[in-house]
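Raw contents of final_2.txt, compact mmCIF, C-alpha atoms:
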```txt
# COMPACT_ATOMS: atom_id res chain seq x y z
CA MET A 1 0.00 0.00 0.00
CA GLY A 2 1.37 3.43 -0.92
CA SER A 3 1.93 6.19 1.58
CA VAL A 4 -0.42 9.13 1.90
CA VAL A 5 1.13 12.59 2.06
CA LEU A 6 -0.83 15.39 3.68
CA LYS A 7 0.19 18.99 3.29
CA LEU A 8 -0.43 21.74 5.82
CA GLU A 9 -2.36 23.68 3.17
CA ASP A 10 -4.97 20.91 3.19
CA PHE A 11 -6.04 21.95 6.69
CA GLU A 12 -5.94 25.72 6.27
CA THR A 13 -9.35 26.18 4.71
CA GLU A 14 -11.23 29.12 6.13
CA ASN A 15 -14.59 27.84 7.27
CA TYR A 16 -15.86 31.04 8.79
CA SER A 17 -16.97 34.54 7.93
CA LEU A 18 -15.83 37.54 9.93
CA ILE A 19 -17.71 40.80 10.34
CA ALA A 20 -16.21 43.90 11.92
CA ILE A 21 -18.60 45.97 14.04
CA HIS A 22 -18.05 49.59 15.08
CA SER A 23 -20.29 50.77 17.88
CA SER A 24 -20.63 53.86 20.03
CA ARG A 25 -21.74 51.57 22.87
CA LYS A 26 -18.90 50.03 24.87
CA GLU A 27 -20.94 47.72 27.12
CA ASP A 28 -20.58 44.30 25.53
CA PHE A 29 -23.84 42.96 27.01
CA LYS A 30 -25.81 45.81 25.42
CA VAL A 31 -24.22 45.27 22.00
CA THR A 32 -24.89 41.53 22.32
CA TYR A 33 -28.53 42.21 23.14
CA LEU A 34 -28.88 44.42 20.06
CA VAL A 35 -27.18 41.85 17.81
CA ASN A 36 -29.40 39.11 19.22
CA THR A 37 -32.50 41.18 18.52
CA ALA A 38 -31.48 42.19 14.99
CA LEU A 39 -30.35 38.73 13.87
CA ASN A 40 -32.81 36.65 15.95
CA LEU A 41 -29.96 34.91 17.78
CA TYR A 42 -29.36 33.76 21.35
CA LEU A 43 -25.76 34.74 21.96
CA GLU A 44 -24.77 34.03 25.57
CA ARG A 45 -21.65 34.92 27.53
CA THR A 46 -19.22 32.03 27.77
CA LYS A 47 -17.64 30.95 31.04
CA ASN A 48 -14.16 31.66 29.72
CA ASP A 49 -12.99 34.77 27.94
CA VAL A 50 -10.58 34.72 25.03
CA GLU A 51 -7.16 35.21 26.62
CA ILE A 52 -4.25 36.51 24.59
CA ASP A 53 -0.81 36.69 26.17
CA THR A 54 1.10 39.66 24.74
CA GLU A 55 4.50 41.15 25.47
CA GLN A 56 2.79 43.84 27.58
CA GLY A 57 0.65 41.39 29.56
CA LEU A 58 -2.50 39.30 29.49
CA ALA A 59 -5.63 40.55 27.73
CA CYS A 60 -9.07 38.99 28.28
CA PHE A 61 -11.71 39.58 25.60
CA SER A 62 -15.38 38.93 26.32
CA LEU A 63 -16.91 36.17 24.20
CA PHE A 64 -20.56 35.38 23.45
CA GLU A 65 -21.65 32.24 21.57
CA TYR A 66 -24.73 30.74 20.00
CA ASP A 67 -24.81 27.31 18.36
CA ASP A 68 -27.65 27.29 15.83
CA HIS A 69 -28.49 23.58 15.62
CA ASP A 70 -31.12 24.12 12.91
CA TYR A 71 -28.62 25.52 10.39
CA HIS A 72 -25.44 24.02 11.90
CA VAL A 73 -23.86 27.46 12.25
CA LEU A 74 -21.83 28.65 15.23
CA TRP A 75 -22.05 32.38 15.97
CA LYS A 76 -19.42 34.10 18.12
CA LEU A 77 -19.32 37.75 19.14
CA VAL A 78 -16.01 38.83 20.65
CA SER A 79 -14.75 42.22 21.77
CA ASN A 80 -11.64 43.55 20.06
CA LYS A 81 -10.54 45.74 22.96
CA ALA A 82 -9.52 44.82 26.50
CA PHE A 83 -7.32 46.16 29.23
CA LEU A 84 -3.97 44.45 29.69
CA PHE A 85 -2.92 43.00 33.01
CA PRO A 86 0.85 43.56 33.26
CA GLU A 87 2.94 40.46 33.94
CA SER A 88 4.66 42.17 36.87
CA GLN A 89 1.31 42.74 38.55
CA MET A 90 0.26 39.11 38.11
CA ASN A 91 3.45 37.36 39.22
CA SER A 92 4.83 39.52 42.00
CA PRO A 93 4.19 38.06 45.49
CA LEU A 94 5.20 41.36 47.07
CA PHE A 95 2.43 43.27 45.28
CA LYS A 96 -0.22 40.56 44.89
CA ASN A 97 -2.83 42.60 46.79
CA VAL A 98 -1.98 45.88 45.08
CA ILE A 99 -4.01 46.76 42.02
CA SER A 100 -2.08 48.71 39.44
CA THR A 101 -3.65 51.95 38.26
CA ILE A 102 -1.56 51.77 35.09
CA SER A 103 -3.41 49.97 32.34
CA LYS A 104 -2.98 49.71 28.61
CA GLN A 105 -5.40 48.87 25.85
CA GLY A 106 -4.98 45.47 24.21
CA TYR A 107 -6.46 44.31 20.91
CA LEU A 108 -7.56 40.90 19.71
CA LEU A 109 -6.52 41.92 16.19
CA PRO A 110 -3.97 44.73 16.60
CA GLU A 111 -4.01 45.59 12.91
CA LEU A 112 -7.72 46.53 13.25
CA LYS A 113 -7.62 48.80 16.31
CA MET A 114 -10.64 50.86 15.27
CA VAL A 115 -13.00 47.84 15.33
CA ASP A 116 -14.97 47.36 18.56
CA TYR A 117 -16.37 43.84 18.04
CA PHE A 118 -16.05 40.90 15.67
CA LEU A 119 -18.86 38.59 14.70
CA LYS A 120 -17.32 35.26 13.72
CA ILE A 121 -19.72 32.94 11.92
CA GLU A 122 -18.42 29.38 11.65
CA ASN A 123 -19.48 26.49 9.40
CA THR A 124 -20.78 28.75 6.65
CA ASP A 125 -21.11 27.56 3.09
CA GLU A 126 -21.56 29.15 -0.34
CA GLN A 127 -25.29 29.65 0.27
CA PHE A 128 -24.76 31.71 3.42
CA ASP A 129 -25.74 35.33 2.71
CA ILE A 130 -23.33 37.45 4.72
CA SER A 131 -24.49 40.66 3.02
CA ARG A 132 -27.93 40.20 4.57
CA VAL A 133 -26.39 39.80 8.03
CA ILE A 134 -24.36 42.97 7.49
CA GLU A 135 -27.47 44.89 6.40
CA LYS A 136 -29.28 43.87 9.59
CA LEU A 137 -26.28 44.89 11.72
CA LYS A 138 -26.11 48.29 10.00
CA ALA A 139 -29.79 48.84 10.84
CA ILE A 140 -28.94 48.85 14.57
CA LYS A 141 -28.87 52.47 15.74
CA LEU A 142 -25.79 52.05 17.93
CA VAL A 143 -23.77 50.37 15.15
CA SER A 144 -21.93 52.97 13.10
CA ALA A 145 -20.37 50.49 10.65
CA ALA A 146 -20.37 46.77 9.87
CA TYR A 147 -18.44 45.08 7.09
CA GLU A 148 -16.85 41.77 6.15
CA ILE A 149 -13.17 41.13 6.70
CA LYS A 150 -11.43 38.54 4.56
CA ALA A 151 -9.27 36.12 6.56
CA GLU A 152 -6.36 36.44 4.14
CA ASN A 153 -6.06 40.15 5.04
CA ILE A 154 -5.55 39.45 8.76
CA LYS A 155 -1.99 39.26 10.05
CA SER A 156 -2.82 37.91 13.52
CA LYS A 157 -5.45 35.34 12.44
CA ASN A 158 -4.16 32.90 15.08
CA ASN A 159 -5.92 35.10 17.65
CA LEU A 160 -9.20 34.05 16.05
CA ILE A 161 -8.74 30.41 17.04
CA PHE A 162 -11.14 30.06 19.95
```

Once you've parsed the file, please lay out its structure as structure tokens.
Amino acid sequence: MGSVVLKLEDFETENYSLIAIHSSRKEDFKVTYLVNTALNLYLERTKNDVEIDTEQGLACFSLFEYDDHDYHVLWKLVSNKAFLFPESQMNSPLFKNVISTISKQGYLLPELKMVDYFLKIENTDEQFDISRVIEKLKAIKLVSAAYEIKAENIKSKNNLIF
């Protein structure tokens, strides 16, 4: 029997759509409520946030999910902005009870700093109409912009593995 050779490219298919959302509202629960209402979804806060360890410290991004069993689509709404927890604050036994007043802004996708939230839609196929989803998001009063982002244009796409 001959050997089978698998290439890394065989596993790199993008099976999701990504929508950038700009909003004047910073409370993630309020934005999630509005997205749920507009798209008739049931996004719920997950137990664990998306944690990204950067050179400046740890950033925790809020994540909301909804698994649509009828259409076999997984919806995820994640914030793009979070405060960093400096490594020195987390690991120092001397200052473990001291909360640092110095904080920096961290980004899930640093190359897209102006985006407030990302709507990641997994298990989409050719029949999925992302333009209709974007239209519904744009109809939300507190959403100033919504548009699709192609995965090949993202430098830090590993941060989207969650």

Of the candidates A:Leu63, A:Leu108, A:Leu58, A:Met114, which one gets nearest to A:Trp75 if we count all atoms listed in the file? A:Leu63

Just to confirm, what's the straight-line distance from atom CA of A:Lys104 to atom CA of A:Lys81 in Å (one decimal)? 10.2 Å

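One distance worth recording is that between atom CA of A:Lys47 and atom CA of A:Val78, which is 13.1 Å.
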
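Going from atom CA of A:Phe85 to atom CA of A:Ala59 covers 6.4 Å.
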
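The shortest atom-to-atom distance to A:Asp125, with all atoms listed in the file taken into account, belongs to A:Val73 out of A:Ala38, A:Val73, A:Thr46, A:Asp68.
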
Do you know which residues are at most 8 Å from stretch 150-155 of chain A counting only C-alpha atoms, after dropping those on the same chain fewer than 3 positions away, and could you put them as JSON, numbers by chain? {"A": [14, 17, 18, 109, 111]}

Please produce an output containing C-alpha atoms for each residue in the selection, written as a PDB file, in the coordinates of the input.
```
ATOM      1  CA  GLU A  14     -11.230  29.120   6.130  1.00  0.00           C
ATOM      2  CA  SER A  17     -16.970  34.540   7.930  1.00  0.00           C
ATOM      3  CA  LEU A  18     -15.830  37.540   9.930  1.00  0.00           C
ATOM      4  CA  LEU A 109      -6.520  41.920  16.190  1.00  0.00           C
ATOM      5  CA  GLU A 111      -4.010  45.590  12.910  1.00  0.00           C
TER       6      GLU A 111
END
```

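Remark: for A:Tyr16, the closest of the candidate residues A:Phe64, A:Phe29, A:Tyr71, A:Phe128 is A:Phe128 (distances computed over only C-alpha atoms).
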
Let me make sure I understand: among A:Asn80, A:Asn159, A:Thr124, A:Thr32, which one has the smallest atom-to-atom distance to A:Asp53 if we use only C-alpha atoms? A:Asn159

Would you kindly return, as a ChimeraX atom specification, each protein, DNA or RNA residue with an atom no farther than 9 Å from any atom of A:Ile19, considering only C-alpha atoms and excluding same-chain residues fewer than 6 positions away? /A:117-121,130,134,146-150

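Distance annotation: of A:Asn36, A:Lys26, A:Asn123, A:Gly106, the residue with the minimal separation from A:His72 is A:Asn123; atom set is only C-alpha atoms.
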
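The nearest approach to A:Tyr42 among the residues A:Asn15, A:Ala82, A:Tyr107, A:Tyr66, with only C-alpha atoms taken into account, belongs to A:Tyr66.
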